[in-house]
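Peer 1: Could you have a look at this structure, given as structure tokens, before my questions?
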Amino acid sequence: MSEPVHQSHVSEPVARRTSPLVVLVHTVTFRQARQFVPAVIPLVAAIGLGGGMTTVVALVVGVTLLSLATAALSWWRSTYTDGPSSVVVTRGLLSRSVRTVPNDRIRGVEVETPILHRLFGLVRVRIDAAAGTVSGKEEELVVDGVTRAEGDRLRTAVLTHRQAPVRQDGAAEPTPAEEEFGRFDNRWLFYAPLVGSYLALPLAAVGALFRLAQELPESLRPHLDNAQLAGVQALAIVVGGALLVLLAGSVVGAAVVNWGFRLVRRGGSLIAVRGLITRRHTELEIDRIRGATIAEGAGMRLVHAARVNALVTGLGDAARRGQLLPLGPRSEAWTLARRLVEDPGPLVAHPPAARRRRILRAVFAGLVATAAGLVATVFAGWWWVLVVGLVLLVLGIPLGLGRYAALGHATGPRSFSVRSGWLVREQALLQRRAVVGWQVRQSFFQRRTGLATVLACIGAGHGGYAAIDMAADDVAGFTLAASEPWAATFSRPAP
Amino acid sequence: MTTAPPPVREPAWSLSRSAISLWVTEGVIGSLVLGIGAALFAIFVPDDLGGPFPLLRWLVPIAAAVYAVVTIGVRPWFRFRVHRWEVTADAVYTLTGWLTRTWTLVPISRIQTVDVTRGVLQQLFGLSTVAVLTASSQGTVRVWHLESDVAQRVADDLAHRAEQVRDQAT
């Protein structure tokens with residue numbers, strides 16, 4: 001990253017190749033050869049595998065050679081050029097594809113280092129050119145397998161071109177001072193078992209193991225059926241073991257993803273680095289940050305943990321790339337969010353009618369089940385339906401109260417905030433300039449109780465953040481206070 | 001039936017009256033499809049089937065009939081009374097819906113693209129829809145069922161003004 005910007009690409013852009021070492025990486029991973037697998041299988045089936053050891057060896061050698069050949073070919077056929085006005089990536093074994101992305105469309109550059117790449121000292125550079133609402137992998141340019149120094153040069157060059165397209169001198173700017181915004185404390189890994197997404201990691205791994213076990217030949221499988229264990233004891237061991245695997249797995253999973261997480265500010269960008277096996281290096285432009293969300297799951301709230309995501313306009317794959325604090329204490333989360341967006345102050349609670357509405361909606365399923373249960377008990381004697389209905393009904397009340405407690409909104413001089421959700425309580429802190437539109441919704445029942453739901457449309461994150469069930473009388477005032485003067489249309493008398 | 005005043009004011013202009021005819025036509029088509037389905041159900045489900053089927057044989061056609069009356073006789077007029085739109089000096093403003101109402105306000109400075117679309121049925125009645133898109137996936141304003149020449153004029157005007165006052169648009 002301290003690599004100076006060379007004179008060469010300022011004057012005349014050169015088409016460059018990736019490092020030849022990447023051929024080895026792709027040979028090992030069968031990256032290009034993978035597409036031939038469907039063609040090879042029937043071929044092998046036709047010839048037959050009669051020859052024993054020699055055939056197997058020949059097959060392995062053949063496949064490796066094929067992989068090497070395709071990897072080398074595709075390396076030879078691909079080039080990339082970072083010119084003063086655009087980045088061009090050319091590739092294709094047989095059909096050529098040339099992708100040109102103008103520099104002003106580039107939203108960010110990410111440098112990642114998968115483990116095999118690290119062995120060879122290579123990196124993969126992703127150039128993100130997401131356009132507004134369009135999402136998907138199509139919006140990405142990937143330069144796979146350049147040396148670390150070249151990767152850093154490319155990143156700096158692309159970002160420099162974009163910010164100052166008329167630079168003449170070509171000299172290296174003095175590296176701006178770094179300011180550390182946050183650093184991951186490994187103790188925070190112990191929050192992981194309370195976070196749904198990290199709990200899912202070991203579950204997926206266990207599922208994969210079971211599938212693998214079923215593929216094993218009969219003779220290799222352990223014979224559990226013969227083991228004689230008392231029922232209760234066995235159950236306790238299995239449940240205890242499963243819990244242990246789940247807990248340990250989630251902590252290990254969180255460690256793999258977040259190891260050494262560090263967030264620094266360098267000049268006009270925020271840079272996040274993380275990962276144990278694959279190191280990721282994500283750069284966000286501070287100028288494009290419109291706000292931040294602080295999310296707390298139901299389990300995380302027990303231990304005062306939270307997550308922070310930045311809301312960045314035009315960022316592809318924002319849920320992953322926008323992460324500023326993957327997991328940490330709530331106080332840390334708020335300190336970080338306040339550095340990006342001015343805190344609009346404490347939230348205003350929504351009117352009591354909103355509480356009634358939340359409770360009513362939460363117990364509605366229970367009410368229906370209870371009514372059905374009554375009918376079923378009378379006509380068919382299925383009393384358990386009634387019990388289930390009553391349990392749902394009783395559980396609905398704390399759920400409704402919890403959902404109501406999450407609701408709130410606040411406005412400050414330059415920012416505003418809305419909060420909602422129970423399973424995952426999410427508070428969005430947003431700048432006033434972030435709002436690209438308002439949507440006020442009022443259902444038949446909301447109209448009768450004087451409530452309305454206000455959605456702030458934002459060109460970042462998931463597109464809109466809502467203040468659910470606020471007092472209908474407050475809507476015009478809130479929208480005017482939370483966005484620029486055009487929102488006065490809501491209250492100004494019609495011409 | 002509206003007890004409380006609306007949370008925000010209503011946009012000034014109502015839609016073209018042809019919109020009612022369009023909605024009635026849509027209601028007729030929807031009711032026909034549903035009616036055919038209900039008739040098939042009544043004809044092909046044998047009445048000696050146990051369970052709830054004897055009851056359903058009556059309920060399904062009745063539900064279809066109620067749906068037809070509401071979508072043809074009630075909803076178009078109701079919608080026409082609710083739907084409104086307006087283009088002010090600095091924003092596009094619409095009100096849509098009939099039971100659930102939605103007010104949408106988008107400033108001209110944040111408009112990214114303006115589309116005019118004409119569906120098959122809309123062409124029969126000479127109507128068009130103006131869709132105003134912003135950087136937010138949820139911040140899209142659609143002004144439904146304007147007369148085609150009005151729609152084209154509005155779209156051109158909006159695109160022109162968006163070009164002039166455009167800031168970052170995100």
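Numbering starts fresh at 1 for the residues of each chain in the structure tokens, the chains themselves are lettered A, B, ... in the order given, and ligands are numbered from 1 as they appear.
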Which polymer residues have any atom within 12 Å of an atom of Ser95 of chain A, counting only C-alpha atoms, with same-chain residues fewer than 2 positions away left out, as a PDB file with C-alpha atoms, in the first residue's frame?
Peer 2:
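Printed below is part-v7.pdb as written:
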ATOM      1  CA  SER A  74      -6.742 -18.946 -19.648  1.00  0.00           C
ATOM      2  CA  ARG A  77      -5.610 -15.240 -22.808  1.00  0.00           C
ATOM      3  CA  SER A  78      -6.508 -12.851 -19.962  1.00  0.00           C
ATOM      4  CA  THR A  90     -10.154  -9.192 -21.291  1.00  0.00           C
ATOM      5  CA  ARG A  91     -10.571 -12.931 -20.970  1.00  0.00           C
ATOM      6  CA  GLY A  92     -12.051 -16.083 -22.400  1.00  0.00           C
ATOM      7  CA  LEU A  93     -10.610 -19.398 -23.624  1.00  0.00           C
ATOM      8  CA  SER A  97     -14.991 -11.090 -23.517  1.00  0.00           C
ATOM      9  CA  VAL A  98     -13.862  -7.523 -22.956  1.00  0.00           C
TER      10      VAL A  98
END
Peer 1: Can you write out as JSON lines which residues of chain B fall within 9 Å of chain A, alongside each residue's closest atom pair and its distance in Å to one decimal, counting only C-alpha atoms and ordering rows by chain and ascending residue number?
Peer 2:
{"residue": "B:Met1", "atom": "CA", "partner": "A:Arg448", "partner_atom": "CA", "distance": 8.6}
{"residue": "B:Thr2", "atom": "CA", "partner": "A:Arg447", "partner_atom": "CA", "distance": 7.1}
{"residue": "B:Thr3", "atom": "CA", "partner": "A:Arg448", "partner_atom": "CA", "distance": 6.2}
{"residue": "B:Ala4", "atom": "CA", "partner": "A:Gly450", "partner_atom": "CA", "distance": 6.2}
{"residue": "B:Pro5", "atom": "CA", "partner": "A:Gly450", "partner_atom": "CA", "distance": 8.3}
{"residue": "B:Pro6", "atom": "CA", "partner": "A:Ala472", "partner_atom": "CA", "distance": 7.3}
{"residue": "B:Pro7", "atom": "CA", "partner": "A:Ala472", "partner_atom": "CA", "distance": 4.6}
{"residue": "B:Val8", "atom": "CA", "partner": "A:Phe490", "partner_atom": "CA", "distance": 5.4}
{"residue": "B:Arg9", "atom": "CA", "partner": "A:Phe490", "partner_atom": "CA", "distance": 5.8}
{"residue": "B:Glu10", "atom": "CA", "partner": "A:Ala494", "partner_atom": "CA", "distance": 7.8}
{"residue": "B:Pro11", "atom": "CA", "partner": "A:Ala494", "partner_atom": "CA", "distance": 6.9}
{"residue": "B:Ala12", "atom": "CA", "partner": "A:Ala494", "partner_atom": "CA", "distance": 5.9}
{"residue": "B:Thr88", "atom": "CA", "partner": "A:Thr489", "partner_atom": "CA", "distance": 7.7}
{"residue": "B:Ala89", "atom": "CA", "partner": "A:Trp486", "partner_atom": "CA", "distance": 8.9}
{"residue": "B:Asp90", "atom": "CA", "partner": "A:Trp486", "partner_atom": "CA", "distance": 6.1}
{"residue": "B:Ala91", "atom": "CA", "partner": "A:Trp486", "partner_atom": "CA", "distance": 6.6}
{"residue": "B:Tyr93", "atom": "CA", "partner": "A:Thr489", "partner_atom": "CA", "distance": 8.1}
{"residue": "B:Trp98", "atom": "CA", "partner": "A:Phe444", "partner_atom": "CA", "distance": 8.9}
{"residue": "B:Leu99", "atom": "CA", "partner": "A:Phe444", "partner_atom": "CA", "distance": 5.4}
{"residue": "B:Thr100", "atom": "CA", "partner": "A:Ser443", "partner_atom": "CA", "distance": 3.9}
{"residue": "B:Arg101", "atom": "CA", "partner": "A:Gln442", "partner_atom": "CA", "distance": 5.2}
{"residue": "B:Thr102", "atom": "CA", "partner": "A:Arg441", "partner_atom": "CA", "distance": 4.4}
{"residue": "B:Trp103", "atom": "CA", "partner": "A:Val440", "partner_atom": "CA", "distance": 4.9}
{"residue": "B:Thr104", "atom": "CA", "partner": "A:Gln439", "partner_atom": "CA", "distance": 4.4}
{"residue": "B:Leu105", "atom": "CA", "partner": "A:Trp438", "partner_atom": "CA", "distance": 5.1}
{"residue": "B:Val106", "atom": "CA", "partner": "A:Gly437", "partner_atom": "CA", "distance": 4.3}
{"residue": "B:Pro107", "atom": "CA", "partner": "A:Trp486", "partner_atom": "CA", "distance": 6.3}
{"residue": "B:Ile108", "atom": "CA", "partner": "A:Trp486", "partner_atom": "CA", "distance": 8.9}
{"residue": "B:Ser109", "atom": "CA", "partner": "A:Val436", "partner_atom": "CA", "distance": 8.6}
{"residue": "B:Arg110", "atom": "CA", "partner": "A:Val436", "partner_atom": "CA", "distance": 5.7}
{"residue": "B:Ile111", "atom": "CA", "partner": "A:Val436", "partner_atom": "CA", "distance": 8.2}
{"residue": "B:Thr134", "atom": "CA", "partner": "A:Val436", "partner_atom": "CA", "distance": 6.8}
{"residue": "B:Ala135", "atom": "CA", "partner": "A:Gly459", "partner_atom": "CA", "distance": 4.5}
{"residue": "B:Ser136", "atom": "CA", "partner": "A:Gly459", "partner_atom": "CA", "distance": 3.9}
{"residue": "B:Ser137", "atom": "CA", "partner": "A:Gly463", "partner_atom": "CA", "distance": 5.2}
{"residue": "B:Gln138", "atom": "CA", "partner": "A:Gly463", "partner_atom": "CA", "distance": 5.4}
{"residue": "B:Gly139", "atom": "CA", "partner": "A:Cys457", "partner_atom": "CA", "distance": 5.1}
{"residue": "B:Thr140", "atom": "CA", "partner": "A:Gly437", "partner_atom": "CA", "distance": 8.2}
{"residue": "B:Val141", "atom": "CA", "partner": "A:Gly437", "partner_atom": "CA", "distance": 8.9}
{"residue": "B:Ala169", "atom": "CA", "partner": "A:Val436", "partner_atom": "CA", "distance": 7.6}
{"residue": "B:Thr170", "atom": "CA", "partner": "A:Gly459", "partner_atom": "CA", "distance": 5.5}
Peer 1: Please produce an output containing N, CA and C atoms for each residue in the selection, written as a CSV table (one decimal), in the first residue's frame.
Peer 2:
chain,number,residue,atom,x,y,z
B,1,MET,N,-66.5,6.8,7.0
B,1,MET,CA,-65.7,5.7,7.6
B,1,MET,C,-64.3,6.2,8.0
B,2,THR,N,-63.9,7.3,7.3
B,2,THR,CA,-62.6,7.9,7.8
B,2,THR,C,-62.9,8.7,9.0
B,3,THR,N,-62.3,8.4,10.1
B,3,THR,CA,-62.5,9.1,11.3
B,3,THR,C,-61.5,10.2,11.5
B,4,ALA,N,-60.2,9.8,11.5
B,4,ALA,CA,-59.2,10.8,11.8
B,4,ALA,C,-58.8,11.5,10.5
B,5,PRO,N,-58.3,12.7,10.5
B,5,PRO,CA,-57.8,13.4,9.3
B,5,PRO,C,-56.5,12.6,8.8
B,6,PRO,N,-56.2,12.6,7.5
B,6,PRO,CA,-55.1,11.9,7.0
B,6,PRO,C,-53.8,12.4,7.6
B,7,PRO,N,-52.7,11.6,7.7
B,7,PRO,CA,-51.5,12.0,8.3
B,7,PRO,C,-50.8,13.2,7.6
B,8,VAL,N,-50.9,13.1,6.3
B,8,VAL,CA,-50.3,14.2,5.4
B,8,VAL,C,-51.4,14.7,4.4
B,9,ARG,N,-51.2,15.8,3.8
B,9,ARG,CA,-52.2,16.3,2.9
B,9,ARG,C,-52.4,15.4,1.7
B,10,GLU,N,-53.5,15.6,1.0
B,10,GLU,CA,-53.7,14.9,-0.3
B,10,GLU,C,-53.0,15.6,-1.4
B,11,PRO,N,-52.5,14.9,-2.4
B,11,PRO,CA,-52.0,15.5,-3.6
B,11,PRO,C,-53.2,16.1,-4.3
B,12,ALA,N,-52.9,17.1,-5.2
B,12,ALA,CA,-54.0,17.9,-5.7
B,12,ALA,C,-54.8,17.3,-6.9
B,88,THR,N,-45.0,19.0,-7.8
B,88,THR,CA,-44.8,20.4,-7.3
B,88,THR,C,-43.5,20.9,-7.8
B,89,ALA,N,-43.1,22.1,-7.3
B,89,ALA,CA,-41.9,22.7,-7.8
B,89,ALA,C,-40.7,21.8,-7.5
B,90,ASP,N,-40.7,21.0,-6.4
B,90,ASP,CA,-39.5,20.3,-6.1
B,90,ASP,C,-39.7,18.8,-5.8
B,91,ALA,N,-41.0,18.3,-6.1
B,91,ALA,CA,-41.2,16.9,-5.8
B,91,ALA,C,-42.3,16.3,-6.6
B,93,TYR,N,-45.5,13.6,-6.1
B,93,TYR,CA,-46.2,13.2,-4.9
B,93,TYR,C,-47.5,12.4,-5.4
B,98,TRP,N,-56.7,1.6,-1.7
B,98,TRP,CA,-58.1,1.9,-1.4
B,98,TRP,C,-58.4,1.6,0.1
B,99,LEU,N,-58.1,0.4,0.5
B,99,LEU,CA,-58.2,0.2,2.0
B,99,LEU,C,-56.9,0.6,2.7
B,100,THR,N,-55.8,0.1,2.2
B,100,THR,CA,-54.5,0.6,2.7
B,100,THR,C,-54.0,1.7,1.8
B,101,ARG,N,-53.8,2.9,2.4
B,101,ARG,CA,-53.4,4.0,1.5
B,101,ARG,C,-51.9,4.3,1.6
B,102,THR,N,-51.3,4.6,0.5
B,102,THR,CA,-49.8,4.9,0.5
B,102,THR,C,-49.6,6.2,-0.1
B,103,TRP,N,-48.9,7.1,0.6
B,103,TRP,CA,-48.5,8.4,0.1
B,103,TRP,C,-47.0,8.3,-0.2
B,104,THR,N,-46.6,8.6,-1.4
B,104,THR,CA,-45.2,8.6,-1.8
B,104,THR,C,-44.7,9.9,-2.3
B,105,LEU,N,-43.6,10.3,-1.7
B,105,LEU,CA,-43.0,11.7,-2.1
B,105,LEU,C,-41.5,11.5,-2.5
B,106,VAL,N,-41.2,11.9,-3.7
B,106,VAL,CA,-39.8,11.8,-4.1
B,106,VAL,C,-39.4,13.2,-4.7
B,107,PRO,N,-38.3,13.7,-4.2
B,107,PRO,CA,-37.8,15.0,-4.7
B,107,PRO,C,-37.2,14.9,-6.0
B,108,ILE,N,-37.4,15.9,-6.8
B,108,ILE,CA,-36.9,15.9,-8.2
B,108,ILE,C,-35.4,15.8,-8.3
B,109,SER,N,-34.8,16.3,-7.2
B,109,SER,CA,-33.3,16.3,-7.2
B,109,SER,C,-32.7,14.9,-7.1
B,110,ARG,N,-33.5,13.9,-6.6
B,110,ARG,CA,-33.0,12.6,-6.4
B,110,ARG,C,-33.5,11.6,-7.4
B,111,ILE,N,-34.2,12.1,-8.5
B,111,ILE,CA,-34.7,11.2,-9.5
B,111,ILE,C,-33.5,10.7,-10.4
B,134,THR,N,-35.6,6.0,-8.2
B,134,THR,CA,-34.5,6.6,-7.4
B,134,THR,C,-33.4,5.6,-7.1
B,135,ALA,N,-32.4,6.0,-6.4
B,135,ALA,CA,-31.3,5.1,-6.0
B,135,ALA,C,-31.8,4.0,-5.1
B,136,SER,N,-32.9,4.2,-4.4
B,136,SER,CA,-33.5,3.2,-3.4
B,136,SER,C,-34.4,2.3,-4.1
B,137,SER,N,-34.2,1.0,-3.8
B,137,SER,CA,-35.1,0.0,-4.5
B,137,SER,C,-36.6,0.2,-4.0
B,138,GLN,N,-36.7,0.8,-2.8
B,138,GLN,CA,-38.1,1.0,-2.3
B,138,GLN,C,-38.6,2.4,-2.6
B,139,GLY,N,-37.8,3.3,-3.2
B,139,GLY,CA,-38.3,4.6,-3.4
B,139,GLY,C,-38.7,4.9,-4.8
B,140,THR,N,-39.6,4.1,-5.3
B,140,THR,CA,-40.1,4.2,-6.7
B,140,THR,C,-41.5,4.8,-6.6
B,141,VAL,N,-41.7,5.9,-7.4
B,141,VAL,CA,-43.1,6.4,-7.5
B,141,VAL,C,-43.7,6.0,-8.8
B,169,ALA,N,-27.8,12.6,-6.2
B,169,ALA,CA,-28.9,11.7,-6.6
B,169,ALA,C,-28.9,10.4,-5.8
B,170,THR,N,-28.1,10.3,-4.8
B,170,THR,CA,-28.1,9.0,-4.0
B,170,THR,C,-28.3,9.3,-2.6
Peer 1: Please provide as an MDAnalysis selection string all residues within 12 Å of Trp76 of chain A, with the sequence filter that same-chain residues fewer than 4 positions apart are discarded (counting only C-alpha atoms).
Peer 2: chainID A and resid 16:23 69:72 80 90:93
Peer 1: Can you write just those residues out, C-alpha atoms, as a compact mmCIF listing (two decimals), in the first residue's frame?
Peer 2:
# COMPACT_ATOMS: atom_id res chain seq x y z
CA ARG A 16 -0.94 -6.52 -17.99
CA ARG A 17 -1.11 -10.21 -17.24
CA THR A 18 -1.66 -11.69 -13.85
CA SER A 19 1.25 -13.48 -12.18
CA PRO A 20 2.17 -16.80 -13.86
CA LEU A 21 2.08 -18.41 -10.41
CA VAL A 22 -1.70 -18.25 -10.52
CA VAL A 23 -1.56 -21.08 -13.08
CA ALA A 69 -3.25 -26.76 -19.73
CA THR A 70 -6.58 -24.95 -19.30
CA ALA A 71 -5.21 -22.84 -16.46
CA ALA A 72 -2.20 -21.84 -18.52
CA TYR A 80 -6.21 -6.32 -17.51
CA THR A 90 -10.15 -9.19 -21.29
CA ARG A 91 -10.57 -12.93 -20.97
CA GLY A 92 -12.05 -16.08 -22.40
CA LEU A 93 -10.61 -19.40 -23.62
Peer 1: Can you work out which one of A:Arg31, A:Arg107, A:Arg279, A:Arg403 has the shortest atom-to-atom distance to Arg124 of chain A, counting only C-alpha atoms?
Peer 2: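 The closest residue to Arg124 of chain A is A:Arg279.
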Peer 1: In terms of the shortest atom-to-atom distance over only C-alpha atoms, which of B:Leu146, B:Ala19, B:Ala151, B:Leu34 is closest to Val60 of chain B?
Peer 2: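 Answer, going by the shortest atom-to-atom distance: B:Leu34.
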Peer 1: Excluding Gln152 of chain B and residues on its chain fewer than 2 positions from it, collect all residues at most 10 Å away from it, counting only C-alpha atoms, and give them as a PyMOL selection string.
Peer 2: chain B and resi 115-117+128-130+146-150+154-158
Peer 1: Kindly indicate which residue among B:Val45, B:Val114, B:Ile29, B:Leu95 lies nearest to Glu163 of chain B, using only C-alpha atoms for the distances.
Peer 2: B:Val114
Peer 1: Mind the document's chain letters and residue numbers, and return as a PyMOL selection string the residues of chain B that DSSP labels strand (DSSP E).
Peer 2: chain B and resi 13-14+84-87+91-96+101-107+113-117+127-133+141-147
Peer 1: With a distance cut-off of 10 Å and only C-alpha atoms, select the neighbouring residues of Glu110 of chain A, excluding the residue or stretch itself and same-chain residues fewer than 5 positions from it, and output the selection as a VMD selection string.
Peer 2: chain A and resid 124 to 128 142 151 155 271 to 273 280 to 284 321
Peer 1: Restrict the selected residues to N, CA and C atoms and save them as a PDB file, in the first residue's frame.
Peer 2:
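Everything below was put into result_18.pdb:
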ATOM      1  N   ARG A 124      -6.226 -11.610  -4.761  1.00  0.00           N
ATOM      2  CA  ARG A 124      -7.292 -11.475  -5.744  1.00  0.00           C
ATOM      3  C   ARG A 124      -7.900 -10.085  -5.544  1.00  0.00           C
ATOM      4  N   VAL A 125      -8.060  -9.350  -6.613  1.00  0.00           N
ATOM      5  CA  VAL A 125      -8.585  -7.987  -6.511  1.00  0.00           C
ATOM      6  C   VAL A 125      -9.981  -7.953  -7.110  1.00  0.00           C
ATOM      7  N   ARG A 126     -10.958  -7.510  -6.324  1.00  0.00           N
ATOM      8  CA  ARG A 126     -12.316  -7.341  -6.835  1.00  0.00           C
ATOM      9  C   ARG A 126     -12.592  -5.864  -6.977  1.00  0.00           C
ATOM     10  N   ILE A 127     -13.004  -5.470  -8.169  1.00  0.00           N
ATOM     11  CA  ILE A 127     -13.326  -4.068  -8.416  1.00  0.00           C
ATOM     12  C   ILE A 127     -14.835  -3.975  -8.532  1.00  0.00           C
ATOM     13  N   ASP A 128     -15.431  -3.250  -7.623  1.00  0.00           N
ATOM     14  CA  ASP A 128     -16.886  -3.221  -7.504  1.00  0.00           C
ATOM     15  C   ASP A 128     -17.440  -2.048  -8.288  1.00  0.00           C
ATOM     16  N   VAL A 142     -13.034  -9.005 -11.636  1.00  0.00           N
ATOM     17  CA  VAL A 142     -12.118  -9.748 -10.770  1.00  0.00           C
ATOM     18  C   VAL A 142     -10.786  -9.901 -11.483  1.00  0.00           C
ATOM     19  N   GLY A 151      -1.136  -5.972  -6.476  1.00  0.00           N
ATOM     20  CA  GLY A 151      -2.509  -5.791  -6.021  1.00  0.00           C
ATOM     21  C   GLY A 151      -2.688  -4.455  -5.336  1.00  0.00           C
ATOM     22  N   ARG A 155      -4.964  -1.310  -6.656  1.00  0.00           N
ATOM     23  CA  ARG A 155      -6.002  -0.705  -5.825  1.00  0.00           C
ATOM     24  C   ARG A 155      -5.772   0.806  -5.704  1.00  0.00           C
ATOM     25  N   ILE A 271     -11.064   1.455   5.957  1.00  0.00           N
ATOM     26  CA  ILE A 271     -10.519   0.187   5.478  1.00  0.00           C
ATOM     27  C   ILE A 271     -10.725  -0.865   6.552  1.00  0.00           C
ATOM     28  N   ALA A 272     -11.386  -1.955   6.169  1.00  0.00           N
ATOM     29  CA  ALA A 272     -11.619  -3.055   7.100  1.00  0.00           C
ATOM     30  C   ALA A 272     -10.803  -4.256   6.634  1.00  0.00           C
ATOM     31  N   VAL A 273     -10.056  -4.861   7.532  1.00  0.00           N
ATOM     32  CA  VAL A 273      -9.269  -6.056   7.226  1.00  0.00           C
ATOM     33  C   VAL A 273      -9.703  -7.142   8.191  1.00  0.00           C
ATOM     34  N   ARG A 280      -9.440 -10.599   4.029  1.00  0.00           N
ATOM     35  CA  ARG A 280     -10.181  -9.659   3.191  1.00  0.00           C
ATOM     36  C   ARG A 280      -9.812  -8.238   3.553  1.00  0.00           C
ATOM     37  N   HIS A 281      -9.779  -7.423   2.531  1.00  0.00           N
ATOM     38  CA  HIS A 281      -9.350  -6.052   2.689  1.00  0.00           C
ATOM     39  C   HIS A 281     -10.409  -5.226   1.965  1.00  0.00           C
ATOM     40  N   THR A 282     -11.302  -4.596   2.678  1.00  0.00           N
ATOM     41  CA  THR A 282     -12.415  -3.876   2.063  1.00  0.00           C
ATOM     42  C   THR A 282     -12.247  -2.388   2.293  1.00  0.00           C
ATOM     43  N   GLU A 283     -12.483  -1.624   1.237  1.00  0.00           N
ATOM     44  CA  GLU A 283     -12.319  -0.188   1.352  1.00  0.00           C
ATOM     45  C   GLU A 283     -13.650   0.509   1.073  1.00  0.00           C
ATOM     46  N   LEU A 284     -14.096   1.349   1.980  1.00  0.00           N
ATOM     47  CA  LEU A 284     -15.338   2.102   1.816  1.00  0.00           C
ATOM     48  C   LEU A 284     -15.012   3.580   1.784  1.00  0.00           C
ATOM     49  N   ARG A 321     -19.829  -6.468   3.014  1.00  0.00           N
ATOM     50  CA  ARG A 321     -18.789  -5.468   2.855  1.00  0.00           C
ATOM     51  C   ARG A 321     -18.972  -4.289   3.787  1.00  0.00           C
TER      52      ARG A 321
END
Peer 1: Using atom CA of Ser86 of chain A and atom CA of Gly145 of chain A as the two end points, give the distance in Å to one decimal.
Peer 2: 20.3 Å
Peer 1: Given the choices B:Val74, B:His145, B:Ala68, B:Ile43, which gets closest to Gly119 of chain B if the distance is worked out from only C-alpha atoms?
Peer 2: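 Closest candidate: B:His145.
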Peer 1: Within 10 Å of Leu390 of chain A, counting only C-alpha atoms, which residues show up once you throw out same-chain ones fewer than 2 positions away? Write them as JSON, numbers by chain, please.
Peer 2: {"A": [363, 366, 367, 368, 369, 370, 371, 373, 384, 385, 386, 387, 388, 392, 393, 394, 395, 396]}
Peer 1: Would you output that residue set with C-alpha atoms, as an mmCIF file, in the first residue's frame?
Peer 2:
data_model
loop_
_atom_site.group_PDB
_atom_site.id
_atom_site.type_symbol
_atom_site.label_atom_id
_atom_site.label_comp_id
_atom_site.auth_asym_id
_atom_site.auth_seq_id
_atom_site.Cartn_x
_atom_site.Cartn_y
_atom_site.Cartn_z
ATOM 1 C CA VAL A 363 -51.762 -12.749 19.661
ATOM 2 C CA GLY A 366 -53.035 -17.638 19.049
ATOM 3 C CA LEU A 367 -56.624 -16.354 18.826
ATOM 4 C CA VAL A 368 -57.258 -18.195 15.561
ATOM 5 C CA ALA A 369 -55.716 -21.397 16.932
ATOM 6 C CA THR A 370 -57.775 -21.114 20.130
ATOM 7 C CA ALA A 371 -60.995 -20.631 18.193
ATOM 8 C CA GLY A 373 -59.218 -25.538 19.084
ATOM 9 C CA TRP A 384 -54.493 -30.470 22.311
ATOM 10 C CA VAL A 385 -55.295 -27.951 19.565
ATOM 11 C CA LEU A 386 -56.935 -25.818 22.227
ATOM 12 C CA VAL A 387 -53.862 -26.102 24.474
ATOM 13 C CA VAL A 388 -51.512 -25.086 21.657
ATOM 14 C CA LEU A 392 -49.581 -19.198 21.600
ATOM 15 C CA LEU A 393 -52.070 -16.666 22.945
ATOM 16 C CA VAL A 394 -50.185 -16.230 26.219
ATOM 17 C CA LEU A 395 -46.766 -16.095 24.507
ATOM 18 C CA GLY A 396 -48.099 -13.464 22.108
#
Peer 1: Between atom CA of Asn309 of chain A and atom CA of Ala295 of chain A, what is the distance in Å, rounded to a tenth?
Peer 2: 8.2 Å
Peer 1: Report as a VMD selection string: the residues of segment 6-109 of chain B with a DSSP assignment of alpha helix (DSSP H), based on the backbone of this structure.
Peer 2: chain B and resid 18 to 44 53 to 68 75 to 82
Peer 1: Quick one: distance from atom CA of Arg339 of chain A to atom CA of Arg320 of chain A in Å, one decimal?
Peer 2: 20.3 Å
Peer 1: List as a PyMOL selection string the protein and nucleic acid residues near Arg118 of chain A, meaning an atom at most 9 Å away when only C-alpha atoms are counted, but skip any in the same chain fewer than 4 places from it.
Peer 2: chain A and resi 113-114+122-123+278-279
Peer 1: Print the selection's residues with N, CA and C atoms to a file, as a PDB file, in the first residue's frame.
Peer 2:
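Result written to part.pdb:
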ATOM      1  N   THR A 113      -7.231 -12.497   0.086  1.00  0.00           N
ATOM      2  CA  THR A 113      -6.139 -13.460   0.011  1.00  0.00           C
ATOM      3  C   THR A 113      -6.610 -14.815   0.489  1.00  0.00           C
ATOM      4  N   PRO A 114      -7.142 -15.663  -0.409  1.00  0.00           N
ATOM      5  CA  PRO A 114      -7.471 -17.027  -0.004  1.00  0.00           C
ATOM      6  C   PRO A 114      -6.189 -17.773   0.344  1.00  0.00           C
ATOM      7  N   LEU A 122       0.142 -14.404  -3.574  1.00  0.00           N
ATOM      8  CA  LEU A 122      -0.732 -13.729  -4.540  1.00  0.00           C
ATOM      9  C   LEU A 122      -1.966 -13.165  -3.839  1.00  0.00           C
ATOM     10  N   VAL A 123      -2.674 -12.297  -4.515  1.00  0.00           N
ATOM     11  CA  VAL A 123      -3.940 -11.779  -4.000  1.00  0.00           C
ATOM     12  C   VAL A 123      -4.952 -11.743  -5.136  1.00  0.00           C
ATOM     13  N   THR A 278      -8.942 -16.761   4.749  1.00  0.00           N
ATOM     14  CA  THR A 278      -8.963 -15.808   3.653  1.00  0.00           C
ATOM     15  C   THR A 278      -8.927 -14.412   4.252  1.00  0.00           C
ATOM     16  N   ARG A 279      -7.848 -13.675   3.970  1.00  0.00           N
ATOM     17  CA  ARG A 279      -7.780 -12.302   4.476  1.00  0.00           C
ATOM     18  C   ARG A 279      -8.548 -11.411   3.513  1.00  0.00           C
TER      19      ARG A 279
END
